$ cat input28.cif   # mmCIF, C-alpha atoms and all ligand atoms
data_coords
loop_
_atom_site.group_PDB
_atom_site.id
_atom_site.type_symbol
_atom_site.label_atom_id
_atom_site.label_comp_id
_atom_site.auth_asym_id
_atom_site.auth_seq_id
_atom_site.Cartn_x
_atom_site.Cartn_y
_atom_site.Cartn_z
ATOM 1 C CA MET A 1 0.000 0.000 0.000
ATOM 2 C CA LYS A 2 1.529 3.284 -1.113
ATOM 3 C CA ASN A 3 1.553 6.379 1.046
ATOM 4 C CA PHE A 4 0.963 9.486 -1.077
ATOM 5 C CA LYS A 5 1.623 12.777 0.676
ATOM 6 C CA THR A 6 1.745 15.123 -2.300
ATOM 7 C CA VAL A 7 -0.477 15.827 -5.261
ATOM 8 C CA ALA A 8 2.532 15.171 -7.514
ATOM 9 C CA ALA A 9 2.966 11.641 -6.106
ATOM 10 C CA LEU A 10 -0.732 10.897 -6.547
ATOM 11 C CA ARG A 11 -0.641 12.249 -10.112
ATOM 12 C CA ALA A 12 2.410 10.103 -10.968
ATOM 13 C CA PHE A 13 0.526 7.006 -9.780
ATOM 14 C CA ARG A 14 -2.534 8.029 -11.812
ATOM 15 C CA GLN A 15 -0.370 8.435 -14.904
ATOM 16 C CA GLU A 16 1.269 5.066 -14.363
ATOM 17 C CA ILE A 17 -2.067 3.213 -14.216
ATOM 18 C CA THR A 18 -3.604 5.250 -17.043
ATOM 19 C CA SER A 19 -0.741 4.156 -19.296
ATOM 20 C CA LYS A 20 -1.776 0.550 -18.591
ATOM 21 C CA GLY A 21 -5.430 1.321 -19.307
ATOM 22 C CA GLU A 22 -6.405 0.749 -15.654
ATOM 23 C CA THR A 23 -9.052 2.560 -13.619
ATOM 24 C CA LEU A 24 -9.025 4.307 -10.247
ATOM 25 C CA ALA A 25 -11.681 4.687 -7.542
ATOM 26 C CA LEU A 26 -11.239 7.286 -4.821
ATOM 27 C CA VAL A 27 -12.793 7.089 -1.350
ATOM 28 C CA PRO A 28 -12.524 10.524 0.301
ATOM 29 C CA THR A 29 -12.542 10.491 4.132
ATOM 30 C CA MET A 30 -11.458 12.555 7.100
ATOM 31 C CA GLY A 31 -9.962 9.474 8.750
ATOM 32 C CA ALA A 32 -10.729 7.892 12.155
ATOM 33 C CA LEU A 33 -11.880 5.048 9.980
ATOM 34 C CA HIS A 34 -14.665 2.698 11.046
ATOM 35 C CA LYS A 35 -16.566 -0.119 9.372
ATOM 36 C CA GLY A 36 -18.744 2.383 7.488
ATOM 37 C CA HIS A 37 -15.665 3.774 5.727
ATOM 38 C CA LEU A 38 -14.364 0.264 5.071
ATOM 39 C CA SER A 39 -17.686 -0.678 3.433
ATOM 40 C CA LEU A 40 -17.119 2.216 0.999
ATOM 41 C CA VAL A 41 -13.684 0.810 0.203
ATOM 42 C CA GLU A 42 -15.169 -2.644 -0.449
ATOM 43 C CA LEU A 43 -17.695 -1.097 -2.834
ATOM 44 C CA ALA A 44 -14.928 0.911 -4.554
ATOM 45 C CA LYS A 45 -12.930 -2.285 -5.078
ATOM 46 C CA THR A 46 -15.817 -3.767 -7.084
ATOM 47 C CA LYS A 47 -15.751 -0.778 -9.464
ATOM 48 C CA ALA A 48 -12.137 -0.074 -10.370
ATOM 49 C CA ASP A 49 -8.744 -1.742 -10.785
ATOM 50 C CA HIS A 50 -7.208 0.407 -8.048
ATOM 51 C CA VAL A 51 -8.550 2.125 -4.945
ATOM 52 C CA VAL A 52 -7.055 5.122 -3.158
ATOM 53 C CA VAL A 53 -8.440 6.338 0.181
ATOM 54 C CA SER A 54 -7.842 9.983 0.972
ATOM 55 C CA ILE A 55 -7.531 11.024 4.590
ATOM 56 C CA PHE A 56 -7.741 14.759 5.125
ATOM 57 C CA VAL A 57 -9.423 16.679 7.919
ATOM 58 C CA ASN A 58 -10.491 19.587 5.769
ATOM 59 C CA PRO A 59 -10.324 22.881 7.687
ATOM 60 C CA THR A 60 -12.556 24.796 5.269
ATOM 61 C CA GLN A 61 -15.631 22.686 6.002
ATOM 62 C CA PHE A 62 -15.577 23.380 9.756
ATOM 63 C CA GLY A 63 -17.205 26.486 11.241
ATOM 64 C CA PRO A 64 -15.310 28.660 13.761
ATOM 65 C CA ASN A 65 -17.013 27.009 16.766
ATOM 66 C CA GLU A 66 -16.900 23.467 15.428
ATOM 67 C CA ASP A 67 -14.658 20.519 16.276
ATOM 68 C CA PHE A 68 -11.808 20.971 13.749
ATOM 69 C CA ASP A 69 -9.100 21.015 16.456
ATOM 70 C CA SER A 70 -10.512 18.077 18.417
ATOM 71 C CA TYR A 71 -11.521 15.963 15.381
ATOM 72 C CA PRO A 72 -9.843 12.532 15.850
ATOM 73 C CA ARG A 73 -6.627 12.180 13.824
ATOM 74 C CA MET A 74 -5.020 8.728 13.661
ATOM 75 C CA VAL A 75 -3.553 8.179 10.194
ATOM 76 C CA GLU A 76 -1.286 5.350 11.332
ATOM 77 C CA GLU A 77 -4.126 3.316 12.881
ATOM 78 C CA ASP A 78 -6.211 4.083 9.802
ATOM 79 C CA SER A 79 -3.481 2.701 7.527
ATOM 80 C CA LEU A 80 -3.374 -0.501 9.593
ATOM 81 C CA LYS A 81 -7.135 -0.908 9.118
ATOM 82 C CA LEU A 82 -6.768 -0.425 5.365
ATOM 83 C CA LYS A 83 -3.815 -2.769 4.852
ATOM 84 C CA PRO A 84 -5.837 -6.026 4.803
ATOM 85 C CA LEU A 85 -8.110 -4.539 2.128
ATOM 86 C CA ASN A 86 -5.277 -4.546 -0.399
ATOM 87 C CA ILE A 87 -5.812 -1.090 -1.776
ATOM 88 C CA ALA A 88 -3.315 0.797 -3.918
ATOM 89 C CA GLY A 89 -2.683 3.556 -1.430
ATOM 90 C CA VAL A 90 -3.586 6.268 1.035
ATOM 91 C CA PHE A 91 -3.459 9.936 0.070
ATOM 92 C CA ALA A 92 -2.908 11.967 3.245
ATOM 93 C CA PRO A 93 -1.821 15.474 2.243
ATOM 94 C CA SER A 94 -0.952 18.285 4.668
ATOM 95 C CA VAL A 95 -3.147 21.385 4.901
ATOM 96 C CA SER A 96 -0.469 23.427 3.081
ATOM 97 C CA GLU A 97 -0.342 20.853 0.267
ATOM 98 C CA MET A 98 -4.113 21.175 -0.215
ATOM 99 C CA TYR A 99 -4.342 24.931 0.401
ATOM 100 C CA PRO A 100 -1.097 26.558 -0.782
ATOM 101 C CA ASN A 101 -0.193 30.117 0.214
ATOM 102 C CA GLY A 102 -2.468 32.633 -1.444
ATOM 103 C CA TYR A 103 -5.242 30.116 -1.988
ATOM 104 C CA ALA A 104 -8.333 32.120 -3.000
ATOM 105 C CA SER A 105 -10.813 29.916 -4.892
ATOM 106 C CA THR A 106 -14.003 28.333 -3.590
ATOM 107 C CA VAL A 107 -16.553 26.026 -5.195
ATOM 108 C CA SER A 108 -20.029 27.011 -4.049
ATOM 109 C CA VAL A 109 -23.272 25.182 -4.841
ATOM 110 C CA SER A 110 -26.511 27.124 -4.529
ATOM 111 C CA GLY A 111 -30.008 25.768 -3.903
ATOM 112 C CA LEU A 112 -29.222 22.307 -2.584
ATOM 113 C CA THR A 113 -27.150 23.809 0.220
ATOM 114 C CA ASP A 114 -29.832 26.191 1.557
ATOM 115 C CA CYS A 115 -31.408 23.613 3.865
ATOM 116 C CA LEU A 116 -30.500 20.905 6.404
ATOM 117 C CA CYS A 117 -26.724 20.918 7.180
ATOM 118 C CA GLY A 118 -26.249 23.836 4.778
ATOM 119 C CA ALA A 119 -28.544 26.016 6.903
ATOM 120 C CA ALA A 120 -27.235 24.680 10.222
ATOM 121 C CA ARG A 121 -23.539 24.933 9.269
ATOM 122 C CA PRO A 122 -22.981 28.093 7.164
ATOM 123 C CA GLY A 123 -20.080 27.647 4.732
ATOM 124 C CA HIS A 124 -19.811 23.912 5.392
ATOM 125 C CA PHE A 125 -20.743 22.812 1.881
ATOM 126 C CA ASP A 126 -18.464 25.412 0.268
ATOM 127 C CA GLY A 127 -15.636 23.665 2.090
ATOM 128 C CA VAL A 128 -16.888 20.213 1.078
ATOM 129 C CA ALA A 129 -17.502 21.145 -2.571
ATOM 130 C CA THR A 130 -14.088 22.802 -2.806
ATOM 131 C CA VAL A 131 -12.077 19.981 -1.266
ATOM 132 C CA VAL A 132 -13.934 17.240 -3.149
ATOM 133 C CA SER A 133 -13.497 19.110 -6.459
ATOM 134 C CA LYS A 134 -9.789 19.333 -5.711
ATOM 135 C CA LEU A 135 -9.521 15.643 -4.784
ATOM 136 C CA LEU A 136 -11.356 14.550 -7.930
ATOM 137 C CA LEU A 137 -9.186 16.774 -10.141
ATOM 138 C CA GLN A 138 -5.958 15.805 -8.372
ATOM 139 C CA SER A 139 -6.660 12.090 -8.668
ATOM 140 C CA ARG A 140 -8.616 12.163 -11.940
ATOM 141 C CA ALA A 141 -10.485 9.217 -10.392
ATOM 142 C CA ASP A 142 -12.857 7.299 -12.664
ATOM 143 C CA TYR A 143 -15.092 6.586 -9.663
ATOM 144 C CA ALA A 144 -15.563 8.187 -6.271
ATOM 145 C CA VAL A 145 -17.562 6.594 -3.475
ATOM 146 C CA PHE A 146 -19.497 8.607 -0.870
ATOM 147 C CA GLY A 147 -21.767 7.394 1.915
ATOM 148 C CA GLU A 148 -25.499 7.956 1.883
ATOM 149 C CA LYS A 149 -25.078 8.774 5.565
ATOM 150 C CA ASP A 150 -24.219 12.276 4.328
ATOM 151 C CA TRP A 151 -27.103 12.298 1.849
ATOM 152 C CA GLN A 152 -27.100 16.049 1.248
ATOM 153 C CA GLN A 153 -23.336 15.980 0.689
ATOM 154 C CA LEU A 154 -23.816 13.239 -1.911
ATOM 155 C CA GLN A 155 -26.365 15.381 -3.806
ATOM 156 C CA VAL A 156 -24.077 18.425 -3.624
ATOM 157 C CA ILE A 157 -21.125 16.417 -4.986
ATOM 158 C CA ARG A 158 -23.206 15.007 -7.842
ATOM 159 C CA ARG A 159 -24.157 18.612 -8.729
ATOM 160 C CA VAL A 160 -20.544 19.857 -8.658
ATOM 161 C CA ASN A 161 -19.348 16.889 -10.690
ATOM 162 C CA ALA A 162 -21.967 17.583 -13.380
ATOM 163 C CA ASP A 163 -21.693 21.387 -13.305
ATOM 164 C CA LEU A 164 -17.884 21.485 -13.544
ATOM 165 C CA ASN A 165 -17.659 18.585 -16.043
ATOM 166 C CA ILE A 166 -15.342 16.708 -13.718
ATOM 167 C CA ASP A 167 -16.518 13.508 -15.341
ATOM 168 C CA CYS A 168 -16.193 11.159 -12.390
ATOM 169 C CA ASP A 169 -18.720 8.407 -11.730
ATOM 170 C CA ILE A 170 -20.120 9.333 -8.297
ATOM 171 C CA ILE A 171 -21.301 6.288 -6.378
ATOM 172 C CA GLY A 172 -23.496 6.367 -3.275
ATOM 173 C CA ALA A 173 -22.938 3.635 -0.661
ATOM 174 C CA PRO A 174 -25.638 2.523 1.797
ATOM 175 C CA ILE A 175 -25.451 3.682 5.414
ATOM 176 C CA TYR A 176 -23.503 1.234 7.548
ATOM 177 C CA ARG A 177 -25.277 0.745 10.876
ATOM 178 C CA ASP A 178 -24.391 -1.016 14.099
ATOM 179 C CA GLU A 179 -25.975 -4.449 13.717
ATOM 180 C CA LYS A 180 -27.662 -4.474 17.107
ATOM 181 C CA SER A 181 -28.732 -0.886 17.681
ATOM 182 C CA GLY A 182 -29.021 0.454 14.135
ATOM 183 C CA LEU A 183 -26.902 3.492 15.074
ATOM 184 C CA ALA A 184 -25.203 4.890 11.960
ATOM 185 C CA LEU A 185 -21.449 4.529 12.444
ATOM 186 C CA SER A 186 -19.649 7.866 12.650
ATOM 187 C CA SER A 187 -16.185 9.056 13.655
ATOM 188 C CA ARG A 188 -17.992 11.482 15.985
ATOM 189 C CA ASN A 189 -19.517 8.574 17.956
ATOM 190 C CA ALA A 190 -16.087 8.474 19.635
ATOM 191 C CA TYR A 191 -17.110 11.648 21.517
ATOM 192 C CA LEU A 192 -20.003 9.843 23.261
ATOM 193 C CA SER A 193 -19.965 8.652 26.876
ATOM 194 C CA THR A 194 -21.600 5.275 27.585
ATOM 195 C CA LYS A 195 -24.797 7.030 28.691
ATOM 196 C CA GLU A 196 -24.829 9.302 25.624
ATOM 197 C CA LEU A 197 -24.221 6.303 23.369
ATOM 198 C CA ALA A 198 -27.347 4.614 24.760
ATOM 199 C CA SER A 199 -29.351 7.766 23.970
ATOM 200 C CA ALA A 200 -27.751 8.093 20.530
ATOM 201 C CA GLU A 201 -28.884 4.585 19.702
ATOM 202 C CA THR A 202 -32.533 5.688 19.959
ATOM 203 C CA LEU A 203 -32.099 8.234 17.142
ATOM 204 C CA ASN A 204 -32.444 5.760 14.263
ATOM 205 C CA VAL A 205 -35.406 4.077 15.964
ATOM 206 C CA THR A 206 -37.249 7.396 16.247
ATOM 207 C CA LEU A 207 -36.326 8.315 12.680
ATOM 208 C CA ARG A 208 -37.633 4.972 11.427
ATOM 209 C CA SER A 209 -40.986 5.440 13.167
ATOM 210 C CA PHE A 210 -41.128 9.059 11.873
ATOM 211 C CA ALA A 211 -40.648 7.711 8.316
ATOM 212 C CA LYS A 212 -43.314 5.066 8.880
ATOM 213 C CA ASP A 213 -45.838 7.600 10.226
ATOM 214 C CA ILE A 214 -45.326 9.750 7.115
ATOM 215 C CA ARG A 215 -45.584 6.725 4.821
ATOM 216 C CA ASP A 216 -48.824 5.752 6.590
ATOM 217 C CA GLY A 217 -50.273 9.182 5.772
ATOM 218 C CA ALA A 218 -49.804 11.020 9.086
ATOM 219 C CA ASP A 219 -49.880 14.815 9.103
ATOM 220 C CA ILE A 220 -46.180 15.708 8.742
ATOM 221 C CA ASP A 221 -46.307 18.570 11.286
ATOM 222 C CA ILE A 222 -47.874 16.319 13.900
ATOM 223 C CA ALA A 223 -45.439 13.466 13.144
ATOM 224 C CA THR A 224 -42.544 15.952 13.409
ATOM 225 C CA ALA A 225 -43.731 17.256 16.792
ATOM 226 C CA ASP A 226 -44.094 13.689 18.048
ATOM 227 C CA ALA A 227 -40.614 12.600 16.884
ATOM 228 C CA THR A 228 -39.075 15.846 18.222
ATOM 229 C CA GLN A 229 -40.480 15.071 21.660
ATOM 230 C CA LYS A 230 -39.042 11.533 21.539
ATOM 231 C CA ILE A 231 -35.575 12.831 20.619
ATOM 232 C CA ILE A 232 -35.606 15.395 23.441
ATOM 233 C CA ASN A 233 -36.873 12.762 25.903
ATOM 234 C CA ALA A 234 -33.973 10.513 24.867
ATOM 235 C CA GLY A 235 -31.536 13.133 26.189
ATOM 236 C CA PHE A 236 -30.505 15.113 23.087
ATOM 237 C CA ASN A 237 -29.855 18.736 24.016
ATOM 238 C CA ASN A 238 -30.574 20.297 20.646
ATOM 239 C CA ILE A 239 -32.165 19.380 17.300
ATOM 240 C CA ASP A 240 -30.737 21.240 14.298
ATOM 241 C CA TYR A 241 -33.399 19.777 12.018
ATOM 242 C CA LEU A 242 -35.899 16.956 11.703
ATOM 243 C CA GLU A 243 -37.512 17.101 8.284
ATOM 244 C CA CYS A 244 -38.981 15.219 5.354
ATOM 245 C CA ARG A 245 -37.606 16.250 1.950
ATOM 246 C CA GLU A 246 -37.585 15.043 -1.649
ATOM 247 C CA SER A 247 -34.639 12.692 -2.150
ATOM 248 C CA GLU A 248 -32.904 14.478 -5.041
ATOM 249 C CA SER A 249 -34.102 18.087 -5.070
ATOM 250 C CA LEU A 250 -34.191 18.219 -1.241
ATOM 251 C CA LYS A 251 -37.376 20.299 -1.544
ATOM 252 C CA ARG A 252 -39.575 20.217 1.546
ATOM 253 C CA VAL A 253 -42.396 17.677 1.497
ATOM 254 C CA ASP A 254 -45.724 18.807 2.999
ATOM 255 C CA GLN A 255 -47.714 15.740 2.061
ATOM 256 C CA PHE A 256 -46.354 12.265 1.310
ATOM 257 C CA ASP A 257 -46.851 11.188 -2.304
ATOM 258 C CA PRO A 258 -45.563 7.686 -3.176
ATOM 259 C CA LYS A 259 -44.798 8.917 -6.728
ATOM 260 C CA HIS A 260 -42.085 11.241 -5.357
ATOM 261 C CA PRO A 261 -39.304 9.515 -3.395
ATOM 262 C CA CYS A 262 -38.578 11.334 -0.172
ATOM 263 C CA ARG A 263 -36.428 10.882 2.912
ATOM 264 C CA VAL A 264 -36.417 11.940 6.520
ATOM 265 C CA PHE A 265 -33.373 13.765 7.852
ATOM 266 C CA VAL A 266 -32.188 14.510 11.358
ATOM 267 C CA ALA A 267 -29.267 16.327 12.962
ATOM 268 C CA ALA A 268 -29.201 16.468 16.746
ATOM 269 C CA LYS A 269 -26.657 17.215 19.438
ATOM 270 C CA ILE A 270 -25.933 15.090 22.448
ATOM 271 C CA GLY A 271 -23.196 16.268 24.773
ATOM 272 C CA SER A 272 -20.529 17.668 22.474
ATOM 273 C CA ALA A 273 -21.385 15.377 19.535
ATOM 274 C CA ARG A 274 -23.586 16.367 16.615
ATOM 275 C CA LEU A 275 -25.098 13.271 15.006
ATOM 276 C CA ILE A 276 -26.858 13.033 11.655
ATOM 277 C CA ASP A 277 -28.961 10.314 10.092
ATOM 278 C CA ASN A 278 -31.421 9.907 7.246
ATOM 279 C CA MET A 279 -33.548 7.220 5.641
ATOM 280 C CA ALA A 280 -36.019 6.680 2.836
ATOM 281 C CA VAL A 281 -39.716 7.107 3.641
HETATM 282 P P1 LIG B 1 -16.059 11.294 6.899
HETATM 283 O O1 LIG B 1 -14.747 10.695 7.215
HETATM 284 O O2 LIG B 1 -17.003 11.323 8.063
HETATM 285 O O3 LIG B 1 -15.965 12.590 6.162
HETATM 286 O O4 LIG B 1 -16.752 10.298 5.891
HETATM 287 C C1 LIG B 1 -16.108 9.890 4.712
HETATM 288 C C2 LIG B 1 -17.100 9.159 3.865
HETATM 289 O O5 LIG B 1 -17.606 8.037 4.575
HETATM 290 C C3 LIG B 1 -18.329 10.016 3.491
HETATM 291 O O6 LIG B 1 -18.692 9.738 2.151
HETATM 292 C C4 LIG B 1 -19.373 9.537 4.455
HETATM 293 O O7 LIG B 1 -20.691 9.692 3.973
HETATM 294 C C5 LIG B 1 -19.007 8.066 4.562
HETATM 295 N N1 LIG B 1 -19.531 7.483 5.795
HETATM 296 C C6 LIG B 1 -19.274 7.863 7.073
HETATM 297 N N2 LIG B 1 -19.970 7.092 7.927
HETATM 298 C C7 LIG B 1 -20.676 6.202 7.180
HETATM 299 C C8 LIG B 1 -21.595 5.147 7.475
HETATM 300 N N3 LIG B 1 -21.935 4.841 8.721
HETATM 301 N N4 LIG B 1 -22.115 4.451 6.434
HETATM 302 C C9 LIG B 1 -21.776 4.759 5.151
HETATM 303 N N5 LIG B 1 -20.933 5.742 4.816
HETATM 304 C C10 LIG B 1 -20.390 6.457 5.809
#
$ encode --input "input28.cif" --output "structure tokens" --more "lines below"
Ligand code: AMP
Amino acid sequence: MKNFKTVAALRAFRQEITSKGETLALVPTMGALHKGHLSLVELAKTKADHVVVSIFVNPTQFGPNEDFDSYPRMVEEDSLKLKPLNIAGVFAPSVSEMYPNGYASTVSVSGLTDCLCGAARPGHFDGVATVVSKLLLQSRADYAVFGEKDWQQLQVIRRVNADLNIDCDIIGAPIYRDEKSGLALSSRNAYLSTKELASAETLNVTLRSFAKDIRDGADIDIATADATQKIINAGFNNIDYLECRESESLKRVDQFDPKHPCRVFVAAKIGSARLIDNMAV
């Protein structure tokens, strides 16, 4: 497994495999890898001849009061987890490699980013769209795999890829959940105490019953109030959003219509951790 630290090294590898007519899949991550990330790698391996995992805690997607400084960084442990998967390499650039002196360009997606995490975390998706555009252009990957756990992010990346003619095949991977509890795996789960973890595990259960109520024709406002109460009762200190939206356009849904696929989305804070989840209605 190669260890790429510079864009030049990654590019040289890309050139080498291109000359042999081979393909590359990229799996962008911020590290602190868990089984959810590894499931993306497994999916990537089914698509391309070579897989590269990028590990970069991207400063531009964190707000001033967010957890950029405390975000778990453990590239060596991450590499050990990746080794048995037989991938081509890890791309772990420094901040100065990704954002050289004088850096002044931003990729910004309108519309899709007005709601959900875009509304709750101003500037977040500018940071995501910028760093993912850079990673796709640096690697010239044929495929890139992103988790449906960050559903809005996946839609934003599809938009950027199409709008900027990046010409990468963007693949969505299903949410990897803890088998027993159904909790969506997340690097931020590491922030949870045992008590908070027990509360966090109720989030997907509440979201599932919220989706079912909507599917069964419940009034969405009433179903939202009911699910909100359950989340607060479970010990969450704040709910950024709990909403039902169209799956692709992310437009708000006022009345469930089986002809238009929609999903429920939640972001809620417990202790210092902000957890997100979503599922199809
Ligand atoms: P992150 O390191 O949190 O930025 O995540 C890197 C990639 O892994 C993103 O595409 C996430 O959507 C994806 N991901 C994180 N957690 C999960 C999960 N539990 N299931 C599926 N994909 C995930």
$ residues_around --input "input28.cif" --residues "A:Val109" --least-positions-apart "4" --cutoff "10 Å" --atoms "all atoms listed in the file" --output "PyMOL selection string"
chain A and resi 113-114+125-126+129-130+156-157+159-160+163
$ resolve_selection --input "input28.cif" --expression "the PyMOL selection byres (((chain A and resi 7-14) around 10) and not hetatm)" --output "JSON list (two decimals) with C-alpha atoms, in the coordinates of the input"
[["chain", "number", "residue", "atom", "x", "y", "z"],
["A", 2, "LYS", "CA", 1.53, 3.28, -1.11],
["A", 3, "ASN", "CA", 1.55, 6.38, 1.05],
["A", 4, "PHE", "CA", 0.96, 9.49, -1.08],
["A", 5, "LYS", "CA", 1.62, 12.78, 0.68],
["A", 6, "THR", "CA", 1.74, 15.12, -2.30],
["A", 15, "GLN", "CA", -0.37, 8.44, -14.90],
["A", 16, "GLU", "CA", 1.27, 5.07, -14.36],
["A", 17, "ILE", "CA", -2.07, 3.21, -14.22],
["A", 18, "THR", "CA", -3.60, 5.25, -17.04],
["A", 19, "SER", "CA", -0.74, 4.16, -19.30],
["A", 22, "GLU", "CA", -6.40, 0.75, -15.65],
["A", 23, "THR", "CA", -9.05, 2.56, -13.62],
["A", 24, "LEU", "CA", -9.02, 4.31, -10.25],
["A", 50, "HIS", "CA", -7.21, 0.41, -8.05],
["A", 52, "VAL", "CA", -7.06, 5.12, -3.16],
["A", 88, "ALA", "CA", -3.32, 0.80, -3.92],
["A", 89, "GLY", "CA", -2.68, 3.56, -1.43],
["A", 90, "VAL", "CA", -3.59, 6.27, 1.03],
["A", 91, "PHE", "CA", -3.46, 9.94, 0.07],
["A", 92, "ALA", "CA", -2.91, 11.97, 3.24],
["A", 93, "PRO", "CA", -1.82, 15.47, 2.24],
["A", 97, "GLU", "CA", -0.34, 20.85, 0.27],
["A", 98, "MET", "CA", -4.11, 21.18, -0.22],
["A", 134, "LYS", "CA", -9.79, 19.33, -5.71],
["A", 135, "LEU", "CA", -9.52, 15.64, -4.78],
["A", 137, "LEU", "CA", -9.19, 16.77, -10.14],
["A", 138, "GLN", "CA", -5.96, 15.80, -8.37],
["A", 139, "SER", "CA", -6.66, 12.09, -8.67],
["A", 140, "ARG", "CA", -8.62, 12.16, -11.94],
["A", 141, "ALA", "CA", -10.48, 9.22, -10.39]]
$ residues_near_ligand --input "input28.cif" --ligand "ligand LIG 1 (chain B)" --cutoff "10 Å" --atoms "all atoms listed in the file" --output "PDB file with C-alpha atoms, in the frame of the given file"
ATOM      1  CA  VAL A  27     -12.793   7.089  -1.350  1.00  0.00           C
ATOM      2  CA  PRO A  28     -12.524  10.524   0.301  1.00  0.00           C
ATOM      3  CA  THR A  29     -12.542  10.491   4.132  1.00  0.00           C
ATOM      4  CA  MET A  30     -11.458  12.555   7.100  1.00  0.00           C
ATOM      5  CA  GLY A  31      -9.962   9.474   8.750  1.00  0.00           C
ATOM      6  CA  ALA A  32     -10.729   7.892  12.155  1.00  0.00           C
ATOM      7  CA  LEU A  33     -11.880   5.048   9.980  1.00  0.00           C
ATOM      8  CA  HIS A  34     -14.665   2.698  11.046  1.00  0.00           C
ATOM      9  CA  LYS A  35     -16.566  -0.119   9.372  1.00  0.00           C
ATOM     10  CA  GLY A  36     -18.744   2.383   7.488  1.00  0.00           C
ATOM     11  CA  HIS A  37     -15.665   3.774   5.727  1.00  0.00           C
ATOM     12  CA  LEU A  38     -14.364   0.264   5.071  1.00  0.00           C
ATOM     13  CA  SER A  39     -17.686  -0.678   3.433  1.00  0.00           C
ATOM     14  CA  LEU A  40     -17.119   2.216   0.999  1.00  0.00           C
ATOM     15  CA  VAL A  41     -13.684   0.810   0.203  1.00  0.00           C
ATOM     16  CA  VAL A  53      -8.440   6.338   0.181  1.00  0.00           C
ATOM     17  CA  SER A  54      -7.842   9.983   0.972  1.00  0.00           C
ATOM     18  CA  ILE A  55      -7.531  11.024   4.590  1.00  0.00           C
ATOM     19  CA  PHE A  56      -7.741  14.759   5.125  1.00  0.00           C
ATOM     20  CA  VAL A  57      -9.423  16.679   7.919  1.00  0.00           C
ATOM     21  CA  ASN A  58     -10.491  19.587   5.769  1.00  0.00           C
ATOM     22  CA  VAL A 128     -16.888  20.213   1.078  1.00  0.00           C
ATOM     23  CA  ALA A 144     -15.563   8.187  -6.271  1.00  0.00           C
ATOM     24  CA  VAL A 145     -17.562   6.594  -3.475  1.00  0.00           C
ATOM     25  CA  PHE A 146     -19.497   8.607  -0.870  1.00  0.00           C
ATOM     26  CA  GLY A 147     -21.767   7.394   1.915  1.00  0.00           C
ATOM     27  CA  GLU A 148     -25.499   7.956   1.883  1.00  0.00           C
ATOM     28  CA  LYS A 149     -25.078   8.774   5.565  1.00  0.00           C
ATOM     29  CA  ASP A 150     -24.219  12.276   4.328  1.00  0.00           C
ATOM     30  CA  TRP A 151     -27.103  12.298   1.849  1.00  0.00           C
ATOM     31  CA  GLN A 152     -27.100  16.049   1.248  1.00  0.00           C
ATOM     32  CA  GLN A 153     -23.336  15.980   0.689  1.00  0.00           C
ATOM     33  CA  LEU A 154     -23.816  13.239  -1.911  1.00  0.00           C
ATOM     34  CA  ILE A 171     -21.301   6.288  -6.378  1.00  0.00           C
ATOM     35  CA  GLY A 172     -23.496   6.367  -3.275  1.00  0.00           C
ATOM     36  CA  ALA A 173     -22.938   3.635  -0.661  1.00  0.00           C
ATOM     37  CA  PRO A 174     -25.638   2.523   1.797  1.00  0.00           C
ATOM     38  CA  ILE A 175     -25.451   3.682   5.414  1.00  0.00           C
ATOM     39  CA  TYR A 176     -23.503   1.234   7.548  1.00  0.00           C
ATOM     40  CA  ARG A 177     -25.277   0.745  10.876  1.00  0.00           C
ATOM     41  CA  ASP A 178     -24.391  -1.016  14.099  1.00  0.00           C
ATOM     42  CA  GLY A 182     -29.021   0.454  14.135  1.00  0.00           C
ATOM     43  CA  LEU A 183     -26.902   3.492  15.074  1.00  0.00           C
ATOM     44  CA  ALA A 184     -25.203   4.890  11.960  1.00  0.00           C
ATOM     45  CA  LEU A 185     -21.449   4.529  12.444  1.00  0.00           C
ATOM     46  CA  SER A 186     -19.649   7.866  12.650  1.00  0.00           C
ATOM     47  CA  SER A 187     -16.185   9.056  13.655  1.00  0.00           C
ATOM     48  CA  ARG A 188     -17.992  11.482  15.985  1.00  0.00           C
ATOM     49  CA  ILE A 276     -26.858  13.033  11.655  1.00  0.00           C
ATOM     50  CA  ASP A 277     -28.961  10.314  10.092  1.00  0.00           C
TER      51      ASP A 277
END
$ closest_residue --input "input28.cif" --among "A:Lys20, A:Leu85, A:Thr228, A:Ile239" --to "A:Lys45" --atoms "all atoms listed in the file"
A:Leu85
$ closest_residue --input "input28.cif" --among "A:Val107, A:Thr206, A:Ala190, A:Tyr71" --to "A:Asn161" --atoms "only C-alpha atoms"
A:Val107
$ atom_distance --input "input28.cif" --atom1 "atom CA of A:Ile232" --atom2 "atom CA of A:Cys115"
21.6 Å
$ atom_distance --input "input28.cif" --atom1 "atom CA of A:His124" --atom2 "atom CA of A:Phe68"
11.9 Å
$ atom_distance --input "input28.cif" --atom1 "atom CA of A:Ser181" --atom2 "atom CA of A:Glu201"
5.8 Å
$ closest_residue --input "input28.cif" --among "A:Gly111, A:Cys117, A:Asp169, A:Pro64" --to "A:Lys251" --atoms "all atoms listed in the file"
A:Gly111
$ closest_residue --input "input28.cif" --among "A:Val281, A:Ala44, A:Lys269, A:Glu77" --to "A:Asp213" --atoms "only C-alpha atoms"
A:Val281
$ closest_residue --input "input28.cif" --among "A:Val75, A:Gln61, A:Ile87, A:Arg245" --to "A:Glu42" --atoms "all atoms listed in the file"
A:Ile87
$ residues_around --input "input28.cif" --residues "A:Arg252" --least-positions-apart "3" --cutoff "10 Å" --atoms "only C-alpha atoms" --output "ChimeraX atom specification"
/A:115,243-247,249,255,262-263
$ closest_residue --input "input28.cif" --among "A:Gly127, A:Pro72, A:Gly271, A:Gly118" --to "A:Leu192" --atoms "all atoms listed in the file"
A:Gly271
$ decode --input "input28.cif" --residues "stretch 215-219 of chain A" --atoms "C-alpha atoms" --output "compact mmCIF listing (two decimals), in the first residue's frame"
# COMPACT_ATOMS: atom_id res chain seq x y z
CA ARG A 215 -45.58 6.73 4.82
CA ASP A 216 -48.82 5.75 6.59
CA GLY A 217 -50.27 9.18 5.77
CA ALA A 218 -49.80 11.02 9.09
CA ASP A 219 -49.88 14.82 9.10
